[in-house]
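J.: Data: work-v9.csv, CSV, C-alpha atoms.
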chain,number,residue,atom,x,y,z
A,1,MET,CA,124.4,91.2,108.8
A,2,TYR,CA,121.0,91.4,110.5
A,3,ASN,CA,122.6,91.9,114.0
A,4,GLN,CA,123.5,95.4,112.8
A,5,LEU,CA,120.0,96.2,111.5
A,6,SER,CA,117.4,97.8,113.8
A,7,TRP,CA,113.7,97.0,113.5
A,8,ASP,CA,113.2,100.6,112.1
A,9,ASP,CA,115.9,100.0,109.5
A,10,MET,CA,114.2,96.8,108.3
A,11,CYS,CA,110.8,98.4,108.3
A,12,LEU,CA,112.2,101.2,106.1
A,13,VAL,CA,113.6,98.7,103.6
A,14,HIS,CA,110.4,96.8,103.6
A,15,ALA,CA,108.3,99.9,103.0
A,16,ILE,CA,110.3,101.0,100.0
A,17,ALA,CA,110.4,97.5,98.5
A,18,ASP,CA,106.6,97.2,99.0
A,19,ALA,CA,105.8,100.7,97.6
A,20,GLY,CA,108.4,100.8,94.9
A,21,THR,CA,108.9,104.5,95.5
A,22,LEU,CA,110.4,106.5,98.3
A,23,SER,CA,107.4,108.8,98.5
A,24,GLY,CA,105.1,105.8,98.9
A,25,ALA,CA,107.3,104.4,101.6
A,26,ALA,CA,107.4,107.8,103.4
A,27,ARG,CA,103.6,107.9,103.5
A,28,THR,CA,103.4,104.4,104.9
A,29,LEU,CA,105.9,105.2,107.6
A,30,HIS,CA,104.3,108.7,108.3
A,31,VAL,CA,107.6,110.5,107.7
A,32,SER,CA,108.6,113.1,105.2
A,33,HIS,CA,110.3,112.2,101.9
A,34,PRO,CA,113.6,113.9,102.9
A,35,THR,CA,113.6,112.0,106.1
A,36,ALA,CA,113.1,108.6,104.4
A,37,PHE,CA,115.9,109.6,101.9
A,38,ARG,CA,118.4,110.5,104.6
A,39,ARG,CA,117.6,107.3,106.6
A,40,LEU,CA,118.1,105.1,103.5
A,41,ASN,CA,121.4,106.8,102.7
A,42,ARG,CA,122.7,106.4,106.2
A,43,LEU,CA,121.6,102.7,106.3
A,44,GLU,CA,123.3,101.9,103.0
A,45,GLN,CA,126.5,103.6,104.2
A,46,LYS,CA,126.4,101.8,107.6
A,47,MET,CA,125.8,98.4,106.0
A,48,GLY,CA,128.0,98.9,103.0
A,49,VAL,CA,125.2,97.4,100.9
A,50,ARG,CA,123.1,98.9,98.1
A,51,PHE,CA,119.5,98.0,98.9
A,52,PHE,CA,117.8,99.6,95.9
A,53,ASP,CA,118.6,100.5,92.3
A,54,ARG,CA,117.3,104.0,92.0
A,55,ALA,CA,115.7,105.4,88.8
A,56,ARG,CA,113.3,108.2,88.0
A,57,ASP,CA,110.3,105.9,87.9
A,58,GLY,CA,111.0,104.2,91.2
A,59,TYR,CA,113.2,102.1,93.4
A,60,THR,CA,114.0,98.5,92.5
A,61,ALA,CA,114.9,96.1,95.4
A,62,THR,CA,118.2,94.3,95.2
A,63,ALA,CA,118.6,90.8,96.6
A,64,ALA,CA,119.6,92.3,100.0
A,65,ALA,CA,116.4,94.4,100.2
A,66,GLU,CA,114.3,91.4,99.2
A,67,GLU,CA,115.8,89.3,101.9
A,68,VAL,CA,115.2,92.0,104.5
A,69,SER,CA,111.6,92.6,103.3
A,70,GLU,CA,110.7,88.9,103.5
A,71,LEU,CA,112.1,88.8,107.0
A,72,VAL,CA,109.9,91.7,108.0
A,73,ARG,CA,106.8,90.0,106.6
A,74,LEU,CA,107.5,86.8,108.6
A,75,LEU,CA,108.2,88.7,111.8
A,76,ARG,CA,105.1,90.8,111.4
A,77,ASN,CA,102.9,87.7,111.0
A,78,ASP,CA,104.5,86.2,114.1
A,79,ILE,CA,103.9,89.5,116.1
A,80,LEU,CA,100.3,89.7,115.0
A,81,ALA,CA,99.7,86.1,116.1
A,82,VAL,CA,101.2,86.8,119.5
A,83,GLU,CA,99.0,90.0,119.8
A,84,ARG,CA,95.9,88.0,119.0
A,85,ARG,CA,96.7,85.3,121.5
A,86,ILE,CA,97.4,87.8,124.2
A,87,SER,CA,94.3,89.8,123.5
A,88,GLY,CA,92.3,86.5,123.5
A,89,ARG,CA,93.3,85.9,127.1
A,90,ASP,CA,91.8,89.1,128.3
A,91,LEU,CA,88.9,88.1,130.5
A,92,ARG,CA,87.8,91.6,131.5
A,93,PRO,CA,85.0,93.4,129.6
A,94,SER,CA,87.2,96.5,128.9
A,95,GLY,CA,89.7,97.7,126.4
A,96,THR,CA,89.3,98.7,122.8
A,97,LEU,CA,87.0,96.9,120.3
A,98,ARG,CA,87.5,97.6,116.6
A,99,ILE,CA,84.5,96.8,114.5
A,100,THR,CA,84.1,96.9,110.8
A,101,THR,CA,80.8,96.9,109.0
A,102,THR,CA,79.1,98.3,105.9
A,103,ASP,CA,77.7,101.8,105.8
A,104,THR,CA,74.1,100.6,105.3
A,105,LEU,CA,74.3,98.1,108.2
A,106,LEU,CA,75.8,100.7,110.6
A,107,PHE,CA,73.5,103.6,109.8
A,108,GLY,CA,70.4,101.7,108.9
A,109,TRP,CA,70.4,99.0,111.6
A,110,LEU,CA,73.3,98.6,114.0
A,111,LEU,CA,73.6,102.0,115.7
A,112,PRO,CA,70.8,101.6,118.3
A,113,GLY,CA,72.4,98.3,119.3
A,114,LEU,CA,75.8,100.0,119.7
A,115,ARG,CA,74.2,102.7,121.9
A,116,GLU,CA,72.7,100.0,124.2
A,117,PHE,CA,76.1,98.2,124.2
A,118,ARG,CA,78.0,101.3,125.3
A,119,SER,CA,75.5,101.8,128.1
A,120,ALA,CA,75.9,98.3,129.3
A,121,TYR,CA,79.8,98.2,128.9
A,122,PRO,CA,81.1,101.7,129.4
A,123,ASP,CA,84.7,100.5,129.9
A,124,ILE,CA,84.9,99.1,126.3
A,125,ARG,CA,85.9,101.7,123.8
A,126,LEU,CA,84.5,101.2,120.3
A,127,GLU,CA,86.4,102.0,117.1
A,128,LEU,CA,84.1,101.8,114.0
A,129,VAL,CA,85.5,101.1,110.6
A,130,VAL,CA,82.8,101.9,108.1
A,131,SER,CA,83.7,100.3,104.8
A,132,ASN,CA,82.3,98.1,102.1
A,133,ASP,CA,85.7,96.6,101.6
A,134,VAL,CA,86.6,93.3,103.3
A,135,PHE,CA,89.0,94.0,106.1
A,136,SER,CA,91.5,91.4,107.3
A,137,LEU,CA,90.8,90.1,110.8
A,138,SER,CA,94.0,88.0,110.8
A,139,LYS,CA,96.0,91.2,110.3
A,140,ARG,CA,94.2,92.9,113.2
A,141,GLU,CA,92.7,95.5,110.9
A,142,ALA,CA,89.5,94.9,112.9
A,143,ASP,CA,88.5,92.6,115.8
A,144,ILE,CA,85.0,91.9,114.7
A,145,ALA,CA,83.3,92.1,111.3
A,146,VAL,CA,79.5,92.5,111.0
A,147,ARG,CA,78.7,91.6,107.4
A,148,PRO,CA,76.3,90.1,105.0
A,149,VAL,CA,78.0,87.0,103.7
A,150,HIS,CA,77.0,83.6,102.4
A,151,THR,CA,80.2,81.7,103.2
A,152,PRO,CA,82.5,82.9,106.0
A,153,GLY,CA,86.2,82.3,105.6
A,154,GLU,CA,87.5,79.1,107.0
A,155,SER,CA,90.1,80.9,109.2
A,156,LEU,CA,87.4,82.9,111.0
A,157,VAL,CA,84.8,82.0,113.7
A,158,GLY,CA,81.6,83.6,114.6
A,159,ARG,CA,77.9,83.2,114.4
A,160,LYS,CA,75.0,83.8,112.0
A,161,ILE,CA,72.8,86.3,113.7
A,162,GLY,CA,70.0,86.5,111.1
A,163,THR,CA,69.0,86.9,107.5
A,164,ILE,CA,68.6,90.2,105.7
A,165,GLU,CA,65.4,90.2,103.8
A,166,GLN,CA,65.2,92.3,100.6
A,167,ALA,CA,62.4,93.7,98.5
A,168,ALA,CA,61.7,96.1,95.6
A,169,TYR,CA,61.0,99.7,96.5
A,170,MET,CA,60.1,102.9,94.7
A,171,ALA,CA,59.4,106.5,95.7
A,172,THR,CA,56.0,107.2,97.1
A,173,SER,CA,55.8,109.9,94.4
A,174,LEU,CA,55.8,107.2,91.7
A,175,ALA,CA,53.0,105.2,93.3
A,176,ALA,CA,50.4,107.5,91.7
A,177,GLN,CA,51.7,106.7,88.2
A,178,ALA,CA,51.4,102.9,88.3
A,179,ASP,CA,50.3,100.1,90.5
A,180,ASP,CA,52.8,97.4,91.6
A,181,ILE,CA,52.4,95.2,88.6
A,182,GLU,CA,52.6,98.1,86.1
A,183,ALA,CA,55.6,99.6,88.0
A,184,MET,CA,57.6,96.4,87.7
A,185,VAL,CA,57.6,96.5,83.9
A,186,SER,CA,57.1,100.1,83.1
A,187,ILE,CA,59.5,102.1,85.4
A,188,ASP,CA,63.3,102.0,85.1
A,189,TRP,CA,65.3,100.0,87.6
A,190,ILE,CA,68.3,101.1,89.6
A,191,GLY,CA,71.0,98.5,90.1
A,192,PRO,CA,74.6,98.0,91.2
A,193,ASP,CA,77.5,98.7,88.9
A,194,GLU,CA,80.3,96.2,88.2
A,195,SER,CA,82.5,97.5,91.1
A,196,MET,CA,79.9,96.3,93.7
A,197,SER,CA,80.2,92.7,92.6
A,198,TYR,CA,76.5,91.9,93.3
A,199,PRO,CA,75.7,88.9,91.1
A,200,ALA,CA,72.5,88.0,92.9
A,201,PHE,CA,70.9,91.3,91.9
A,202,ASP,CA,71.8,90.9,88.3
A,203,ARG,CA,70.7,87.2,88.3
A,204,TRP,CA,67.3,88.2,89.7
A,205,LEU,CA,66.8,90.9,87.1
A,206,GLU,CA,67.6,88.4,84.3
A,207,GLN,CA,65.2,85.8,85.8
A,208,GLU,CA,62.4,88.4,86.0
A,209,GLY,CA,63.1,89.7,82.5
A,210,LEU,CA,63.9,93.2,83.9
A,211,ALA,CA,67.6,93.4,82.9
A,212,GLU,CA,66.9,95.7,80.0
A,213,ARG,CA,65.0,98.1,82.2
A,214,CYS,CA,68.0,98.5,84.6
A,215,ARG,CA,69.2,101.8,83.2
A,216,ILE,CA,70.7,103.4,86.3
A,217,ARG,CA,73.8,101.8,87.9
A,218,VAL,CA,75.2,102.9,91.2
A,219,ASN,CA,78.3,101.7,93.1
A,220,THR,CA,76.8,101.7,96.7
A,221,VAL,CA,73.6,100.4,98.2
A,222,TYR,CA,73.1,103.9,99.8
A,223,GLY,CA,73.4,105.4,96.3
A,224,MET,CA,70.7,103.0,95.1
A,225,LEU,CA,68.5,104.0,98.0
A,226,SER,CA,69.0,107.7,97.3
A,227,ALA,CA,68.2,107.2,93.6
A,228,ALA,CA,65.0,105.4,94.5
A,229,ARG,CA,64.0,108.1,97.0
A,230,ALA,CA,64.5,110.7,94.2
A,231,GLY,CA,62.1,108.9,92.0
A,232,LEU,CA,64.6,107.7,89.4
A,233,GLY,CA,63.2,104.2,89.4
A,234,LEU,CA,62.8,101.0,91.4
A,235,SER,CA,65.5,99.2,93.3
A,236,VAL,CA,65.9,96.1,95.4
A,237,LEU,CA,67.0,97.2,98.9
A,238,PRO,CA,67.4,95.7,102.4
A,239,CYS,CA,64.1,95.8,104.2
A,240,TYR,CA,65.8,97.3,107.2
A,241,LEU,CA,66.3,100.4,105.0
A,242,GLY,CA,63.2,100.4,102.9
A,243,GLU,CA,60.5,99.6,105.5
A,244,ASN,CA,61.6,102.4,107.8
A,245,ASP,CA,61.6,105.1,105.1
A,246,THR,CA,58.4,107.0,104.6
A,247,ARG,CA,59.7,108.3,101.2
A,248,LEU,CA,59.6,104.7,99.8
A,249,ARG,CA,56.9,102.2,99.2
A,250,ARG,CA,57.5,98.4,98.9
A,251,VAL,CA,56.5,96.9,95.5
A,252,GLY,CA,55.4,93.3,96.1
A,253,GLY,CA,56.7,90.9,98.8
A,254,VAL,CA,60.2,90.0,100.0
A,255,ILE,CA,62.4,88.4,97.4
A,256,PRO,CA,63.7,85.0,98.7
A,257,ALA,CA,66.5,84.8,96.1
A,258,MET,CA,67.9,88.1,97.4
A,259,ALA,CA,68.0,87.2,101.1
A,260,THR,CA,71.5,87.3,102.6
A,261,ASP,CA,72.9,85.8,105.8
A,262,LEU,CA,74.2,88.3,108.4
A,263,TRP,CA,77.2,87.2,110.3
A,264,MET,CA,79.5,88.4,113.1
A,265,LEU,CA,83.0,87.1,112.6
A,266,THR,CA,86.3,87.2,114.6
A,267,HIS,CA,89.6,85.5,114.6
A,268,PRO,CA,89.9,82.2,116.6
A,269,ASP,CA,92.6,83.7,118.8
A,270,LEU,CA,90.2,86.4,120.0
A,271,ARG,CA,87.0,84.5,120.6
A,272,LYS,CA,87.7,83.9,124.3
A,273,ALA,CA,88.4,87.6,125.1
A,274,LYS,CA,85.6,89.0,127.3
A,275,ARG,CA,85.1,92.1,125.3
A,276,ILE,CA,84.6,90.0,122.1
A,277,ARG,CA,82.2,87.6,123.8
A,278,VAL,CA,80.0,90.2,125.3
A,279,PHE,CA,79.8,92.1,122.0
A,280,LEU,CA,78.8,88.9,120.1
A,281,ASP,CA,76.2,88.1,122.7
A,282,HIS,CA,74.8,91.6,122.8
A,283,VAL,CA,74.4,92.1,119.0
A,284,ALA,CA,73.0,88.6,118.6
A,285,GLY,CA,70.3,89.6,121.2
A,286,PHE,CA,69.7,92.9,119.4
A,287,ALA,CA,69.2,91.0,116.1
A,288,LYS,CA,66.5,88.9,117.7
A,289,ILE,CA,64.4,91.9,118.7
A,290,SER,CA,65.2,94.3,115.9
A,291,GLN,CA,62.6,95.0,113.2
A,292,PHE,CA,62.5,95.6,109.5
A,293,GLY,CA,64.1,92.7,107.8
A,294,VAL,CA,66.8,91.2,109.9
A,295,VAL,CA,65.2,87.9,110.9
A,296,GLU,CA,66.3,84.7,112.5
The structure in this file should be written as structure tokens.

T.:
Amino acid sequence: MYNQLSWDDMCLVHAIADAGTLSGAARTLHVSHPTAFRRLNRLEQKMGVRFFDRARDGYTATAAAEEVSELVRLLRNDILAVERRISGRDLRPSGTLRITTTDTLLFGWLLPGLREFRSAYPDIRLELVVSNDVFSLSKREADIAVRPVHTPGESLVGRKIGTIEQAAYMATSLAAQADDIEAMVSIDWIGPDESMSYPAFDRWLEQEGLAERCRIRVNTVYGMLSAARAGLGLSVLPCYLGENDTRLRRVGGVIPAMATDLWMLTHPDLRKAKRIRVFLDHVAGFAKISQFGVVE
């Protein structure tokens, strides 16, 4: 029956099966709910097949819909693989480069390097995806990831460009209340909440006997930075943020147990593309000369 199905028909069935609702599928396909409803009705009439059992709480895929949905998944994987291989053959330093990184790395460290890169390679258009979530490079959600990571995925290639040093910081307004040793044990600590999945921070607090003093939890590093600036307590922060901030003062030295490797990662199919290689080389060079806690 597939010779009567268009690609748009199959994508519609897949979107509904994946979302479980017609409204969810409509959002995925960027069409209105009535449009998706009409298209599904026409498709089922044309094929003489019921693709979904419809109920008030959603759409349940029939065997026919499951078969179509699985075919779309397989075809999309093949299409993405072809796109990566084609992009990887591009030897010109031009085109679009989609980069994902964290908010703190972009705003606190990487932006000057991107400014220099744009000046050196004006024909390369940059798309920046600022997110603390891990984007899939195999699905082309991004071409390059610049991220703190201890163990890169086996399906990715790249290079370690440095180590992010970290240290404890408090607001300069708190400095008059206690010296460094007193501050460590007498002032509240600001740490990550569970959604951040930051076990190294919690382990360090436990090892130092400070876990009970961590009375403020925040779900982003920038939130921890802002809370420390406001004088709510001490926090462990990347040195590239803390050392450059006149509102903060470091407490003690860098913390070896909190150091994190900084990597640039891409998919193997893209590593020979000129725009990929020049970006990797440029940012690696920028990391060598940058200050405040990204060290080789």

J.: Which residues, written as a list in words, have at least one atom at most 9 Å from segment 253-258 of chain A, with only C-alpha atoms counted and residues fewer than 4 positions away on the same chain left out?

T.: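 Answer for this query is Ile164, Glu165, Gln166, Ala167, Ala168, Ala200, Phe201, Trp204, Val236 and Cys239 of chain A.
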
J.: Please, which residues in segment 155-210 of chain A fall within 12 Å of segment 113-136 of chain A when counting all atoms listed in the file, and what is the closest atom pair and distance in Å to one decimal for each, ordered by chain then residue number, as CSV?

T.:
residue,atom,partner,partner_atom,distance
A:Ser155,CA,A:Ser136,CA,10.8
A:Leu156,CA,A:Ser136,CA,10.1
A:Ser195,CA,A:Asp133,CA,11.0
A:Met196,CA,A:Asn132,CA,8.9
A:Ser197,CA,A:Asn132,CA,11.1

J.: Next, dump the selected residues to file, keeping only C-alpha atoms, as a PDB file, in the frame of the given file.

T.:
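Just written: again_4.pdb:
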ATOM      1  CA  SER A 155      90.100  80.900 109.200  1.00  0.00           C
ATOM      2  CA  LEU A 156      87.400  82.900 111.000  1.00  0.00           C
ATOM      3  CA  SER A 195      82.500  97.500  91.100  1.00  0.00           C
ATOM      4  CA  MET A 196      79.900  96.300  93.700  1.00  0.00           C
ATOM      5  CA  SER A 197      80.200  92.700  92.600  1.00  0.00           C
TER       6      SER A 197
END

J.: Got a sec: who's within 6 Å of Gly158 of chain A, counting all atoms listed in the file, leaving out chain neighbours fewer than 5 positions off, as a list in words?

T.: Met264, Leu265 and Thr266 of chain A

J.: Atom CA of Trp109 of chain A and atom CA of Phe286 of chain A, how far apart in Å?

T.: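 Taking atom CA of Phe286 of chain A and atom CA of Trp109 of chain A, their separation equals 9.9 Å.
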
J.: Ranking A:Ile181, A:Leu29, A:Leu110, A:Ala228 by minimum distance to Arg147 of chain A and counting all atoms listed in the file, which one comes first?

T.: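 Closest residue, counting all atoms listed in the file: A:Leu110.
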
J.: Choose the residue, out of A:Leu262, A:Leu210, A:Ala175, A:Ile276, that has the smallest atom-to-atom separation from Arg229 of chain A; count only C-alpha atoms.

T.: A:Ala175

J.: Residues at most 12 Å from Ser226 of chain A, counting all atoms listed in the file, excluding those fewer than 6 positions away in the same chain, as a list in words?

T.: Thr104, Tyr169, Met170, Ala171, Ile190, Gly191, Ile216, Val218, Asn219, Thr220, Leu232, Gly233, Leu234, Ser235, Leu237, Leu241, Gly242, Asp245, Arg247 and Leu248 of chain A

J.: Would you compute the distance between atom CA of Gly24 of chain A and atom CA of Thr60 of chain A? Give it in Å to one decimal.

T.: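 These two atoms are separated by 13.2 Å.
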
J.: If we count all atoms listed in the file and set the cut-off at 12 Å, which residues sit around Asp179 of chain A, ignoring sequence neighbours fewer than 4 positions away in its own chain? Please answer as a PyMOL selection string.

T.: chain A and resi 170+172-175+183-187+249-252

J.: Between atom CA of Glu66 of chain A and atom CA of Ala17 of chain A, what is the distance, to one decimal in Å?

T.: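 Value for the atom CA of Glu66 of chain A-atom CA of Ala17 of chain A distance: 7.3 Å.
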
J.: Choose the residue, out of A:Arg38, A:Leu43, A:Leu97, A:Val13, that has the smallest atom-to-atom separation from Arg73 of chain A; count only C-alpha atoms.

T.: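 So, comparing all the options, the nearest one is A:Val13.
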
J.: I'd like the contact shell of Ala55 of chain A - 12 Å cut-off, all atoms listed in the file, skipping same-chain residues fewer than 4 positions apart - returned as a PyMOL selection string.

T.: chain A and resi 20-22+59-61

J.: Give me a file of those residues, with C-alpha atoms, as a CSV table (one decimal), in the frame of the given file.

T.:
chain,number,residue,atom,x,y,z
A,20,GLY,CA,108.4,100.8,94.9
A,21,THR,CA,108.9,104.5,95.5
A,22,LEU,CA,110.4,106.5,98.3
A,59,TYR,CA,113.2,102.1,93.4
A,60,THR,CA,114.0,98.5,92.5
A,61,ALA,CA,114.9,96.1,95.4

J.: At a cut-off of 12 Å around the point (76.5, 82.2, 112.8) (file coordinates), what residues fall inside when counting all atoms listed in the file? I'd like the answer as a ChimeraX atom specification.

T.: /A:146-152,156-163,261-266,280-281,283-284,287,296

J.: Those same residues - C-alpha atoms - I'd like them written as an mmCIF file, in the coordinates of the input.

T.:
data_model
loop_
_atom_site.group_PDB
_atom_site.id
_atom_site.type_symbol
_atom_site.label_atom_id
_atom_site.label_comp_id
_atom_site.auth_asym_id
_atom_site.auth_seq_id
_atom_site.Cartn_x
_atom_site.Cartn_y
_atom_site.Cartn_z
ATOM 1 C CA VAL A 146 79.500 92.500 111.000
ATOM 2 C CA ARG A 147 78.700 91.600 107.400
ATOM 3 C CA PRO A 148 76.300 90.100 105.000
ATOM 4 C CA VAL A 149 78.000 87.000 103.700
ATOM 5 C CA HIS A 150 77.000 83.600 102.400
ATOM 6 C CA THR A 151 80.200 81.700 103.200
ATOM 7 C CA PRO A 152 82.500 82.900 106.000
ATOM 8 C CA LEU A 156 87.400 82.900 111.000
ATOM 9 C CA VAL A 157 84.800 82.000 113.700
ATOM 10 C CA GLY A 158 81.600 83.600 114.600
ATOM 11 C CA ARG A 159 77.900 83.200 114.400
ATOM 12 C CA LYS A 160 75.000 83.800 112.000
ATOM 13 C CA ILE A 161 72.800 86.300 113.700
ATOM 14 C CA GLY A 162 70.000 86.500 111.100
ATOM 15 C CA THR A 163 69.000 86.900 107.500
ATOM 16 C CA ASP A 261 72.900 85.800 105.800
ATOM 17 C CA LEU A 262 74.200 88.300 108.400
ATOM 18 C CA TRP A 263 77.200 87.200 110.300
ATOM 19 C CA MET A 264 79.500 88.400 113.100
ATOM 20 C CA LEU A 265 83.000 87.100 112.600
ATOM 21 C CA THR A 266 86.300 87.200 114.600
ATOM 22 C CA LEU A 280 78.800 88.900 120.100
ATOM 23 C CA ASP A 281 76.200 88.100 122.700
ATOM 24 C CA VAL A 283 74.400 92.100 119.000
ATOM 25 C CA ALA A 284 73.000 88.600 118.600
ATOM 26 C CA ALA A 287 69.200 91.000 116.100
ATOM 27 C CA GLU A 296 66.300 84.700 112.500
#
